[in-house]
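Colleague: Contents of input-v1.cif (mmCIF, C-alpha atoms) are given next:
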data_start
#
loop_
_atom_site.label_atom_id
_atom_site.label_comp_id
_atom_site.auth_asym_id
_atom_site.auth_seq_id
_atom_site.Cartn_x
_atom_site.Cartn_y
_atom_site.Cartn_z
CA MET A 1 -17.59 19.73 -3.23
CA GLY A 2 -17.02 22.69 -5.52
CA ARG A 3 -14.16 23.86 -3.30
CA PHE A 4 -10.83 24.94 -4.69
CA THR A 5 -7.52 24.68 -2.95
CA ARG A 6 -5.88 28.09 -2.62
CA GLY A 7 -2.93 28.39 -4.96
CA PHE A 8 -3.31 24.99 -6.63
CA THR A 9 -3.42 24.90 -10.40
CA GLY A 10 -2.28 21.33 -11.04
CA ARG A 11 0.03 19.91 -13.63
CA GLY A 12 -0.69 16.64 -15.29
CA ARG A 13 -3.96 16.84 -17.20
CA ASN A 14 -4.13 13.78 -19.41
CA ASP A 15 -7.36 12.31 -20.78
CA ARG A 16 -5.81 8.87 -20.65
CA LEU A 17 -5.64 9.07 -16.85
CA PRO A 18 -8.68 8.28 -14.68
CA PRO A 19 -9.66 11.04 -12.24
CA GLY A 20 -7.20 11.61 -9.40
CA GLN A 21 -4.45 9.52 -11.03
CA TYR A 22 -0.96 10.60 -12.11
CA ASP A 23 1.48 9.10 -14.61
CA VAL A 24 4.27 7.36 -12.72
CA GLY A 25 6.44 7.23 -15.85
CA GLN A 26 9.17 4.59 -15.93
CA ASP A 27 8.79 3.67 -12.24
CA TRP A 28 6.68 0.80 -11.07
CA PRO A 29 5.92 1.17 -7.35
CA VAL A 30 5.69 -1.97 -5.22
CA LEU A 31 2.86 -1.93 -2.68
CA THR A 32 2.10 -5.15 -0.86
CA ALA A 33 0.97 -5.82 2.66
CA GLU A 34 2.87 -9.06 3.20
CA VAL A 35 6.38 -10.43 2.95
CA THR A 36 7.42 -11.17 -0.64
CA PRO A 37 7.23 -14.96 -1.12
CA ARG A 38 9.73 -17.07 -3.06
CA LEU A 39 7.74 -19.51 -5.17
CA ASP A 40 9.28 -22.35 -7.13
CA THR A 41 7.74 -22.93 -10.56
CA ALA A 42 8.49 -26.67 -10.13
CA THR A 43 5.79 -26.86 -7.45
CA TRP A 44 3.67 -23.83 -8.47
CA THR A 45 0.01 -24.51 -9.27
CA PHE A 46 -3.03 -22.51 -10.29
CA ALA A 47 -6.58 -23.74 -9.65
CA VAL A 48 -10.06 -22.84 -10.80
CA ASP A 49 -12.71 -24.27 -8.46
CA GLY A 50 -15.99 -23.53 -6.74
CA LEU A 51 -19.07 -23.36 -8.96
CA VAL A 52 -17.58 -25.05 -12.03
CA GLU A 53 -18.31 -28.32 -13.80
CA ARG A 54 -14.66 -29.45 -13.73
CA PRO A 55 -12.47 -28.07 -10.91
CA THR A 56 -9.02 -27.92 -12.50
CA THR A 57 -5.47 -27.39 -11.26
CA TRP A 58 -2.68 -26.51 -13.67
CA THR A 59 1.05 -26.92 -13.13
CA TRP A 60 3.51 -24.35 -14.48
CA ASP A 61 4.05 -26.44 -17.63
CA GLU A 62 0.37 -27.21 -18.09
CA ILE A 63 -0.76 -23.60 -17.91
CA HIS A 64 1.94 -22.64 -20.41
CA ALA A 65 0.47 -25.18 -22.85
CA LEU A 66 -2.73 -23.13 -23.07
CA PRO A 67 -3.09 -20.55 -25.87
CA PRO A 68 -0.87 -17.55 -25.05
CA ALA A 69 -2.43 -14.12 -24.65
CA THR A 70 -1.12 -10.62 -24.07
CA TYR A 71 -2.38 -7.32 -22.68
CA SER A 72 -1.03 -4.00 -23.83
CA GLY A 73 -2.38 -0.86 -22.19
CA ASP A 74 -2.47 0.99 -18.89
CA ILE A 75 -2.69 -0.01 -15.23
CA HIS A 76 -4.06 2.09 -12.34
CA CYS A 77 -3.28 1.77 -8.62
CA VAL A 78 -5.68 3.07 -5.96
CA THR A 79 -2.73 4.90 -4.36
CA THR A 80 -3.10 7.23 -7.40
CA TRP A 81 -0.29 6.16 -9.71
CA SER A 82 -1.01 4.90 -13.19
CA LYS A 83 1.48 3.26 -15.50
CA LEU A 84 0.84 3.75 -19.19
CA GLY A 85 1.64 1.51 -22.12
CA VAL A 86 2.61 -1.71 -20.37
CA THR A 87 2.62 -5.21 -21.88
CA PHE A 88 1.94 -8.43 -20.02
CA GLY A 89 1.98 -11.99 -21.35
CA GLY A 90 0.24 -15.07 -20.00
CA VAL A 91 -3.09 -16.74 -20.51
CA SER A 92 -6.60 -15.33 -20.64
CA VAL A 93 -8.84 -16.22 -17.71
CA ASP A 94 -11.41 -17.11 -20.40
CA ALA A 95 -9.16 -19.98 -21.48
CA LEU A 96 -9.06 -21.32 -17.93
CA LEU A 97 -12.83 -21.01 -17.53
CA ASP A 98 -13.35 -22.75 -20.88
CA VAL A 99 -11.67 -25.79 -19.34
CA ALA A 100 -13.38 -25.58 -15.95
CA GLY A 101 -16.89 -24.75 -17.21
CA PRO A 102 -18.59 -22.15 -14.97
CA LEU A 103 -22.00 -23.17 -13.62
CA PRO A 104 -24.91 -20.84 -14.46
CA THR A 105 -25.27 -19.96 -10.77
CA ALA A 106 -21.78 -18.40 -10.58
CA THR A 107 -21.87 -14.60 -10.24
CA HIS A 108 -18.62 -13.62 -8.47
CA VAL A 109 -15.09 -14.85 -7.94
CA LEU A 110 -12.72 -14.85 -4.99
CA VAL A 111 -9.10 -14.85 -6.13
CA SER A 112 -6.47 -16.18 -3.72
CA SER A 113 -2.70 -15.89 -3.62
CA HIS A 114 -0.01 -18.25 -2.41
CA THR A 115 0.53 -15.73 0.44
CA GLY A 116 -3.08 -15.94 1.65
CA TYR A 117 -4.05 -12.61 0.06
CA THR A 118 -7.55 -12.55 -1.41
CA THR A 119 -9.60 -10.22 -3.58
CA ASN A 120 -13.17 -10.41 -4.88
CA LEU A 121 -14.57 -9.52 -8.29
CA PRO A 122 -17.79 -9.89 -10.23
CA LEU A 123 -17.46 -12.82 -12.67
CA ASP A 124 -18.23 -10.42 -15.53
CA ASP A 125 -15.03 -8.51 -14.72
CA VAL A 126 -12.78 -11.52 -15.32
CA THR A 127 -14.49 -12.84 -18.47
CA GLY A 128 -14.82 -11.56 -22.03
CA GLY A 129 -11.13 -10.76 -22.57
CA LYS A 130 -10.77 -8.54 -19.49
CA ALA A 131 -8.51 -10.64 -17.24
CA TRP A 132 -5.35 -12.72 -17.49
CA VAL A 133 -2.99 -14.86 -15.47
CA ALA A 134 0.27 -13.12 -16.38
CA TRP A 135 3.84 -14.37 -16.07
CA GLU A 136 5.63 -12.03 -18.45
CA TYR A 137 6.19 -8.29 -18.26
CA ALA A 138 7.67 -6.46 -21.26
CA GLY A 139 8.64 -9.83 -22.71
CA LEU A 140 10.60 -10.97 -19.65
CA PRO A 141 9.64 -13.17 -16.68
CA LEU A 142 7.46 -11.23 -14.22
CA PRO A 143 9.70 -10.06 -11.34
CA VAL A 144 8.85 -11.55 -7.95
CA GLU A 145 8.17 -8.15 -6.35
CA HIS A 146 5.53 -7.56 -9.00
CA GLY A 147 3.86 -10.90 -8.36
CA GLY A 148 6.08 -13.39 -10.17
CA PRO A 149 6.12 -16.11 -11.10
CA ALA A 150 2.49 -15.30 -12.00
CA ARG A 151 -0.21 -12.84 -11.00
CA LEU A 152 -3.77 -12.06 -11.92
CA LEU A 153 -4.15 -9.10 -14.28
CA VAL A 154 -7.45 -7.18 -14.37
CA PRO A 155 -6.26 -3.86 -15.77
CA HIS A 156 -9.64 -2.15 -16.11
CA LEU A 157 -9.98 -2.16 -12.29
CA TYR A 158 -7.69 -0.73 -9.57
CA PHE A 159 -4.59 -2.85 -9.38
CA TRP A 160 -5.17 -4.40 -5.94
CA LYS A 161 -7.67 -6.61 -7.81
CA SER A 162 -4.75 -7.96 -9.86
CA ALA A 163 -3.60 -10.32 -7.12
CA LYS A 164 0.14 -10.92 -7.00
CA TRP A 165 1.37 -14.53 -6.66
CA ALA A 166 -2.12 -15.71 -7.63
CA SER A 167 -2.96 -19.32 -6.81
CA SER A 168 -6.66 -19.80 -7.54
CA ILE A 169 -9.96 -18.43 -8.76
CA ARG A 170 -13.03 -19.68 -6.87
CA LEU A 171 -16.41 -19.13 -8.50
CA LEU A 172 -19.20 -18.19 -6.09
CA ASP A 173 -22.91 -17.37 -6.20
CA HIS A 174 -22.36 -14.33 -3.97
CA ASP A 175 -19.82 -11.57 -3.35
CA GLU A 176 -17.29 -12.39 -0.62
CA PRO A 177 -15.01 -9.50 0.40
CA GLY A 178 -11.27 -10.10 0.09
CA PHE A 179 -8.33 -8.71 2.06
CA TRP A 180 -8.45 -5.01 1.21
CA GLU A 181 -12.21 -5.11 0.70
CA GLN A 182 -12.62 -6.21 4.35
CA ASN A 183 -10.38 -3.28 5.24
CA GLY A 184 -12.57 -0.62 3.68
CA TYR A 185 -11.74 -0.78 0.00
CA HIS A 186 -14.36 -1.00 -2.72
CA ASP A 187 -15.81 -4.33 -3.87
CA ARG A 188 -15.47 -3.48 -7.57
CA GLY A 189 -12.82 -0.76 -7.90
CA ASP A 190 -13.46 0.93 -11.25
CA PRO A 191 -10.81 3.68 -11.56
CA TRP A 192 -12.93 5.71 -14.01
CA LEU A 193 -15.68 5.90 -11.35
CA GLU A 194 -13.12 6.44 -8.56
CA GLN A 195 -14.45 3.42 -6.64
CA ARG A 196 -11.62 3.53 -4.13
CA TYR A 197 -13.38 2.87 -0.82
CA GLN A 198 -16.57 1.16 0.32
CA GLY A 199 -19.47 3.48 -0.44
CA ASP A 200 -17.80 5.27 -3.39
CA MET B 1 -16.55 4.70 4.03
CA THR B 2 -15.58 8.15 5.16
CA GLU B 3 -16.61 11.46 3.64
CA TRP B 4 -14.38 14.29 2.51
CA GLN B 5 -13.90 16.88 5.23
CA THR B 6 -12.40 20.34 5.26
CA ALA B 7 -9.36 20.60 7.51
CA THR B 8 -7.61 23.80 8.52
CA VAL B 9 -3.83 23.92 8.71
CA VAL B 10 -3.07 25.11 12.24
CA GLY B 11 0.63 24.34 12.39
CA ILE B 12 3.58 23.59 10.09
CA ARG B 13 6.81 22.28 11.55
CA PRO B 14 9.97 21.33 9.67
CA GLU B 15 11.25 17.89 10.72
CA THR B 16 14.25 17.63 8.37
CA ALA B 17 15.38 19.52 5.28
CA ARG B 18 12.90 17.46 3.24
CA ALA B 19 10.06 16.71 5.62
CA LYS B 20 7.43 18.87 7.27
CA THR B 21 4.69 18.04 9.71
CA PHE B 22 1.31 19.64 9.03
CA ARG B 23 -1.03 19.94 11.99
CA LEU B 24 -4.65 19.86 10.83
CA ALA B 25 -7.82 20.81 12.67
CA LEU B 26 -10.84 18.77 11.55
CA PRO B 27 -14.52 19.52 12.10
CA GLY B 28 -14.80 16.82 14.78
CA PRO B 29 -12.78 14.30 16.81
CA THR B 30 -10.57 12.14 14.57
CA ASN B 31 -10.33 8.85 16.48
CA HIS B 32 -7.78 7.34 14.14
CA ARG B 33 -5.94 4.12 14.96
CA PRO B 34 -2.13 4.36 15.05
CA GLY B 35 -0.83 3.38 11.60
CA GLN B 36 -3.79 4.70 9.63
CA HIS B 37 -3.55 7.34 6.93
CA TYR B 38 -5.53 10.24 5.51
CA VAL B 39 -5.97 11.23 1.89
CA VAL B 40 -5.29 14.88 1.04
CA ARG B 41 -7.04 16.20 -2.09
CA LEU B 42 -6.14 19.36 -3.97
CA THR B 43 -8.61 20.92 -6.41
CA ALA B 44 -7.70 23.43 -9.14
CA PRO B 45 -10.12 26.14 -10.30
CA ASP B 46 -11.01 24.08 -13.40
CA GLY B 47 -11.91 21.05 -11.25
CA TYR B 48 -8.67 19.15 -11.85
CA ARG B 49 -7.75 17.19 -8.75
CA ALA B 50 -4.75 15.44 -7.30
CA GLN B 51 -4.73 13.38 -4.14
CA ARG B 52 -2.20 11.43 -2.08
CA SER B 53 -2.25 9.39 1.11
CA TYR B 54 -0.18 10.43 4.13
CA SER B 55 0.29 8.51 7.35
CA VAL B 56 -0.86 10.11 10.58
CA ALA B 57 2.15 10.77 12.82
CA SER B 58 0.27 11.80 15.95
CA ALA B 59 -1.33 9.50 18.49
CA PRO B 60 -5.08 9.55 18.86
CA ASP B 61 -5.84 11.88 21.76
CA GLY B 62 -9.58 12.43 21.48
CA SER B 63 -9.11 15.87 19.99
CA SER B 64 -10.08 17.05 16.52
CA GLU B 65 -6.46 17.70 15.52
CA LEU B 66 -3.94 15.37 13.94
CA GLU B 67 -0.53 15.60 12.31
CA LEU B 68 0.61 14.38 8.90
CA THR B 69 4.32 14.26 8.10
CA VAL B 70 5.01 14.80 4.41
CA GLU B 71 8.30 14.20 2.67
CA ARG B 72 8.94 16.58 -0.23
CA LEU B 73 9.40 14.44 -3.33
CA GLU B 74 11.04 16.32 -6.20
CA GLY B 75 8.44 16.50 -8.95
CA GLY B 76 5.71 15.29 -6.62
CA GLU B 77 2.60 17.27 -7.46
CA VAL B 78 1.01 17.15 -4.03
CA SER B 79 4.04 17.04 -1.70
CA THR B 80 5.73 20.02 -3.41
CA PHE B 81 2.47 21.99 -3.17
CA LEU B 82 2.12 21.20 0.52
CA HIS B 83 5.74 22.17 1.17
CA ASP B 84 6.02 25.23 -1.05
CA VAL B 85 2.56 26.82 -1.09
CA VAL B 86 0.51 25.84 1.95
CA VAL B 87 0.58 28.21 4.93
CA ILE B 88 -1.11 28.21 8.31
CA GLY B 89 -4.78 29.04 7.93
CA ASP B 90 -5.17 27.29 4.56
CA GLU B 91 -7.95 24.78 4.15
CA LEU B 92 -7.36 21.30 2.73
CA GLU B 93 -9.82 18.59 1.80
CA VAL B 94 -9.05 15.36 3.61
CA ARG B 95 -10.59 11.94 3.91
CA GLY B 96 -9.93 9.36 6.57
CA PRO B 97 -8.86 7.69 8.68
CA ILE B 98 -8.19 4.83 6.25
CA GLY B 99 -6.61 1.42 6.69
CA GLY B 100 -7.49 -1.54 8.89
CA TRP B 101 -4.38 -3.69 8.45
CA PHE B 102 -1.25 -1.71 9.27
CA VAL B 103 -2.62 -0.58 12.63
CA TRP B 104 -1.66 -1.14 16.25
CA ASP B 105 -4.13 -0.49 19.03
CA GLY B 106 -1.76 -0.55 21.98
CA GLU B 107 -2.73 -3.90 23.40
CA ALA B 108 -0.22 -6.51 22.16
CA PRO B 109 3.56 -6.51 21.79
CA ALA B 110 4.81 -4.92 18.58
CA VAL B 111 8.19 -4.73 16.87
CA LEU B 112 8.30 -1.63 14.68
CA VAL B 113 10.92 -1.36 11.94
CA GLY B 114 11.04 1.73 9.76
CA GLY B 115 13.25 2.94 6.95
CA GLY B 116 13.50 6.69 6.29
CA SER B 117 10.08 8.31 6.24
CA GLY B 118 8.62 4.85 6.85
CA LEU B 119 8.98 5.96 10.46
CA VAL B 120 5.84 8.12 10.25
CA PRO B 121 3.08 5.54 10.95
CA LEU B 122 5.36 3.80 13.46
CA MET B 123 5.77 7.12 15.28
CA ALA B 124 2.02 7.24 15.78
CA MET B 125 2.29 3.79 17.38
CA LEU B 126 5.24 4.80 19.59
CA ARG B 127 3.48 7.97 20.69
CA HIS B 128 0.36 5.95 21.43
CA ALA B 129 2.35 3.49 23.56
CA ARG B 130 4.01 6.30 25.50
CA ARG B 131 0.68 8.08 26.03
CA LEU B 132 -0.78 4.85 27.42
CA GLY B 133 2.25 4.25 29.60
CA ARG B 134 2.79 0.96 27.77
CA SER B 135 6.20 1.54 26.21
CA GLU B 136 7.26 -1.95 27.25
CA LEU B 137 4.98 -3.32 24.53
CA VAL B 138 7.00 -1.83 21.68
CA ARG B 139 10.48 -1.94 20.23
CA LEU B 140 11.13 0.57 17.49
CA VAL B 141 14.12 0.51 15.16
CA VAL B 142 14.50 3.12 12.45
CA SER B 143 17.14 3.17 9.75
CA VAL B 144 18.08 6.46 8.09
CA ARG B 145 21.03 7.56 5.99
CA SER B 146 22.40 10.17 8.37
CA PRO B 147 21.45 12.11 11.51
CA ALA B 148 20.15 14.92 9.28
CA ASP B 149 17.54 12.55 7.83
CA LEU B 150 16.03 11.48 11.15
CA LEU B 151 12.44 12.56 11.77
CA TYR B 152 11.34 13.48 15.30
CA ALA B 153 14.98 13.47 16.43
CA GLY B 154 14.23 15.28 19.67
CA GLU B 155 11.35 13.06 20.68
CA LEU B 156 12.41 9.64 19.46
CA PRO B 157 15.17 8.62 21.92
CA GLY B 158 14.13 6.28 24.70
CA PRO B 159 14.80 2.83 26.09
CA GLU B 160 12.40 1.32 23.52
CA THR B 161 13.96 2.92 20.42
CA THR B 162 17.09 2.36 18.35
CA VAL B 163 18.35 4.49 15.48
CA VAL B 164 20.56 2.92 12.80
CA TYR B 165 22.51 5.15 10.41
CA SER B 166 23.26 3.50 7.08
CA ARG B 167 25.70 6.05 5.58
CA VAL B 168 26.89 8.60 8.12
CA ALA B 169 27.69 7.67 11.70
CA GLY B 170 25.54 9.23 14.38
CA SER B 171 26.42 6.97 17.29
CA ASP B 172 28.96 4.38 18.39
CA ARG B 173 27.59 1.93 15.85
CA PRO B 174 29.52 2.11 12.56
CA PRO B 175 27.32 3.22 9.65
CA GLY B 176 25.80 0.33 7.74
CA ARG B 177 22.60 -1.36 6.71
CA LEU B 178 20.15 -2.73 9.24
CA MET B 179 21.37 -6.04 10.72
CA ALA B 180 19.92 -8.73 12.97
CA ALA B 181 21.98 -7.38 15.88
CA ASP B 182 20.05 -4.09 15.62
CA LEU B 183 16.70 -5.77 16.25
CA ASP B 184 14.98 -7.21 19.31
CA VAL B 185 12.17 -9.69 18.76
CA LEU B 186 9.56 -9.70 21.50
CA PRO B 187 7.66 -12.91 22.30
CA ASP B 188 4.23 -13.02 20.65
CA ALA B 189 4.82 -9.70 18.94
CA THR B 190 3.46 -8.58 15.63
CA GLY B 191 6.06 -7.05 13.31
CA TYR B 192 5.29 -3.78 11.54
CA VAL B 193 7.68 -2.94 8.74
CA CYS B 194 7.41 0.32 6.79
CA GLY B 195 9.73 1.77 4.20
CA SER B 196 10.78 1.44 0.59
CA SER B 197 10.13 -1.93 -0.99
CA GLY B 198 13.81 -2.87 -0.81
CA PHE B 199 14.03 -1.90 2.84
CA ALA B 200 10.79 -3.71 3.64
CA ASP B 201 12.04 -6.94 2.08
CA ALA B 202 15.41 -6.75 3.84
CA ALA B 203 13.88 -5.92 7.22
CA SER B 204 11.25 -8.65 6.86
CA ARG B 205 13.96 -11.18 6.04
CA ILE B 206 15.90 -10.23 9.17
CA LEU B 207 12.79 -10.57 11.33
CA ILE B 208 12.07 -14.00 9.86
CA ASP B 209 15.67 -15.07 10.49
CA LEU B 210 15.24 -13.97 14.12
CA GLY B 211 12.23 -16.25 14.44
CA GLN B 212 9.38 -13.85 13.75
CA PRO B 213 6.57 -15.85 12.03
CA VAL B 214 6.05 -14.64 8.46
CA ASP B 215 2.29 -14.42 8.95
CA ARG B 216 2.78 -12.01 11.85
CA ILE B 217 4.67 -9.43 9.83
CA ARG B 218 2.64 -6.54 8.43
CA VAL B 219 4.28 -4.51 5.71
CA GLU B 220 3.64 -1.07 4.31
CA ARG B 221 5.73 -0.12 1.29
CA PHE B 222 6.06 3.13 -0.53
CA GLY B 223 8.13 4.79 -3.17
CA PRO B 224 9.22 3.82 -6.65
CA THR B 225 11.49 0.96 -7.56
CA GLY B 226 13.60 0.48 -10.66
#
Here is the file; what I need is its structure written in the form of structure tokens.
Modeller:
Amino acid sequence: MGRFTRGFTGRGRNDRLPPGQYDVGQDWPVLTAEVTPRLDTATWTFAVDGLVERPTTWTWDEIHALPPATYSGDIHCVTTWSKLGVTFGGVSVDALLDVAGPLPTATHVLVSSHTGYTTNLPLDDVTGGKAWVAWEYAGLPLPVEHGGPARLLVPHLYFWKSAKWASSIRLLDHDEPGFWEQNGYHDRGDPWLEQRYQGD
Amino acid sequence: MTEWQTATVVGIRPETARAKTFRLALPGPTNHRPGQHYVVRLTAPDGYRAQRSYSVASAPDGSSELELTVERLEGGEVSTFLHDVVVIGDELEVRGPIGGWFVWDGEAPAVLVGGGSGLVPLMAMLRHARRLGRSELVRLVVSVRSPADLLYAGELPGPETTVVYSRVAGSDRPPGRLMAADLDVLPDATGYVCGSSGFADAASRILIDLGQPVDRIRVERFGPTG
């Protein structure tokens, strides 16, 4: 636009922050559109299905038997906060897909939550060490308001892609808009490209 | 989805000691749905930008003006600028309306429960209902700490609204947190809950206990948690 706002000089320039984001510091805002669910790990499951050779469902104990993985880095919410230097623990989505065996026709995924929430991503954005199913935050069990007992974690994209209370990943041969994506938000959501809304 | 537009500030009205309403004139009719928000973007001379989302407080009226109510958050880069620097006649870049979930179009019963400045999008719904002459469709309950924290205090009272004070009494009801007795559930209503995450969870739980189906509760949360 090339238009300045009269009197605005701005504060928080930080190369580690994507454009339009600010550092939320120690806080961790909670932004969800539904009632927080109470999920029991005794009956919790996580599934990978759709275009895979072996549709697979893991129990809480079974998914914990997979090789552990961690993410340390930053997360970015489309509402403009970023949280720097966080650590999550869980399992890599690659490990789940190694078991299920994606078919060559799979190009996208639709992730679902136990609440009915959905979000869509290109398959390439959840493979190659870029996505996790996380159940630990800072070495402790993931709090329920942040998606516990387990959530998806795709930290290189805006955080609505990191579905709280995740229940499944379905592999598809097309892109199928999820909850926020049907409500005007971007299908990919790269914070460094400011892909906040459809058309960005 | 929607392009950035230049809005002119045509009115600024204090609501409480910490909240102001900014009336913006846009280039064309706004046609927002009650509950939607706009993004406000500030740009510094070197190109640095900051942007935040603010709920529309006004009802859609076919005009090209709308109102955003902004709470001044200490240390908030955008809200402090809007409160401390912006004057009538200033131009602001805005984008919207945004949001297709936390919206009410004035057709079906709605139970609106707000905490603090979570009242803002619900106020757009209440104003819409009153404009349509359909106040019987809505019940609005807002919880604030004290009478001094209540937004739209002059306009809010009516047979369809209830104010709950959590810390300082403002009515016959003793001060205290929102309770089931404060809420009416309408048959076939959708619940709209807006406030801090803690308030949203507590209010949702009360609605569920009163028989409101969990899949007919829409929640908008804001603010930091510990």
Colleague: Put the listed atoms of region 156-170 of chain B in a box along x, y and z with 6 Å added on every side and give me the centre and edge lengths in Å to one decimal, as AutoDock Vina command-line options.
Modeller:
--center_x 20.0 --center_y 5.5 --center_z 15.8 --size_x 27.3 --size_y 20.3 --size_z 32.5
Colleague: One decimal, Å: what's the distance from CA of Trp60 (chain A) over to CA of Ser92 (chain A), could you say?
Modeller: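 Spanning CA of Trp60 (chain A) to CA of Ser92 (chain A) is a straight-line distance of 14.9 Å.
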Colleague: Within 10 Å of chain B, which residues of chain A show up when using only C-alpha atoms, listed as a PyMOL selection string?
Modeller: chain A and resi 1-13+19-22+24+26-37+78-81+115-116+145+179-180+182-186+196-200
Colleague: Expand the PyMOL selection byres ((chain A and resi 86) around 9) into the individual residues it matches in the shown file, reporting them as a list in words.
Modeller: Tyr71, Ser72, Gly73, Asp74, Ile75, Lys83, Leu84, Gly85, Thr87, Phe88, Tyr137 and Ala138 of chain A
Colleague: Give me, please, the distance in Å between CA of Gly189 (chain A) and CA of Asp23 (chain A), quoted to one decimal.
Modeller: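 Going from CA of Gly189 (chain A) over to CA of Asp23 (chain A), I get 18.6 Å.
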Colleague: Find the residues around Asp125 (chain A) up to 9 Å (only C-alpha atoms counted), leave out those fewer than 2 positions away in its own chain, and share them as number ranges by chain.
Modeller: A: 108, 121-123, 127-128, 130-131, 154, 156-157, 188
Colleague: For the PyMOL selection byres ((chain B and resi 144) around 9), applied here, can you spell out every residue it catches as a list in words?
Modeller: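 Applied to this file, the PyMOL selection byres ((chain B and resi 144) around 9) returns Gly114, Gly115, Gly116, Ser117, Val142, Ser143, Arg145, Ser146, Pro147, Ala148, Asp149, Leu150, Val163, Val164, Tyr165, Ser166 and Arg167 of chain B.
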Colleague: May I have the residues from that selection written out with C-alpha atoms, as a short mmCIF file (atom, residue, chain, number, x, y, z; two decimals), in the coordinates of the input?
Modeller:
data_model
loop_
_atom_site.label_atom_id
_atom_site.label_comp_id
_atom_site.auth_asym_id
_atom_site.auth_seq_id
_atom_site.Cartn_x
_atom_site.Cartn_y
_atom_site.Cartn_z
CA GLY B 114 11.04 1.73 9.76
CA GLY B 115 13.25 2.94 6.95
CA GLY B 116 13.50 6.69 6.29
CA SER B 117 10.08 8.31 6.24
CA VAL B 142 14.50 3.12 12.45
CA SER B 143 17.14 3.17 9.75
CA ARG B 145 21.03 7.56 5.99
CA SER B 146 22.40 10.17 8.37
CA PRO B 147 21.45 12.11 11.51
CA ALA B 148 20.15 14.92 9.28
CA ASP B 149 17.54 12.55 7.83
CA LEU B 150 16.03 11.48 11.15
CA VAL B 163 18.35 4.49 15.48
CA VAL B 164 20.56 2.92 12.80
CA TYR B 165 22.51 5.15 10.41
CA SER B 166 23.26 3.50 7.08
CA ARG B 167 25.70 6.05 5.58
#
Colleague: Taking the file as shown, what set of residues would the PyMOL selection byres ((chain B and resi 141) around 12) give back, as a PyMOL selection string?
Modeller: chain B and resi 110-116+118-119+122-123+126+138-140+142-144+150+156-165+178-185+191-195+203+207
Colleague: Quick one, how far is CA of Leu110 (chain A) from CA of Glu62 (chain A)?
Modeller: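 Computed distance, CA of Leu110 (chain A) to CA of Glu62 (chain A), equals 22.3 Å.
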Colleague: With distances taken over all atoms listed in the file, which residue among B:Arg95, B:Arg23, B:Arg72, B:Arg127 lies nearest Pro60 (chain B)?
Modeller: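 Selected residue with least distance to Pro60 (chain B): B:Arg127.
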Colleague: Which residue gives the smallest distance to Glu176 (chain A) among A:Thr118, A:Pro143, A:Arg16, A:Cys77, with all atoms listed in the file counted?
Modeller: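 Between A:Thr118, A:Pro143, A:Arg16, A:Cys77, the residue approaching Glu176 (chain A) most closely is A:Thr118.
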Colleague: Taking all atoms listed in the file into account, name the residue in B:Glu136, B:Glu74, B:Asp105, B:Asp84 that is nearest to Lys20 (chain B).
Modeller: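 Smallest distance to Lys20 (chain B) is found for B:Asp84.
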Colleague: Skip region 93-96 of chain A itself and residues of its chain fewer than 5 positions away, then list as a list in words all residues within 8 Å of it, counting all atoms listed in the file.
Modeller: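 My list of contacting residues is Val48, Leu66, Pro67, Val126, Thr127, Gly128, Gly129, Ala131, Trp132 and Val133 of chain A.
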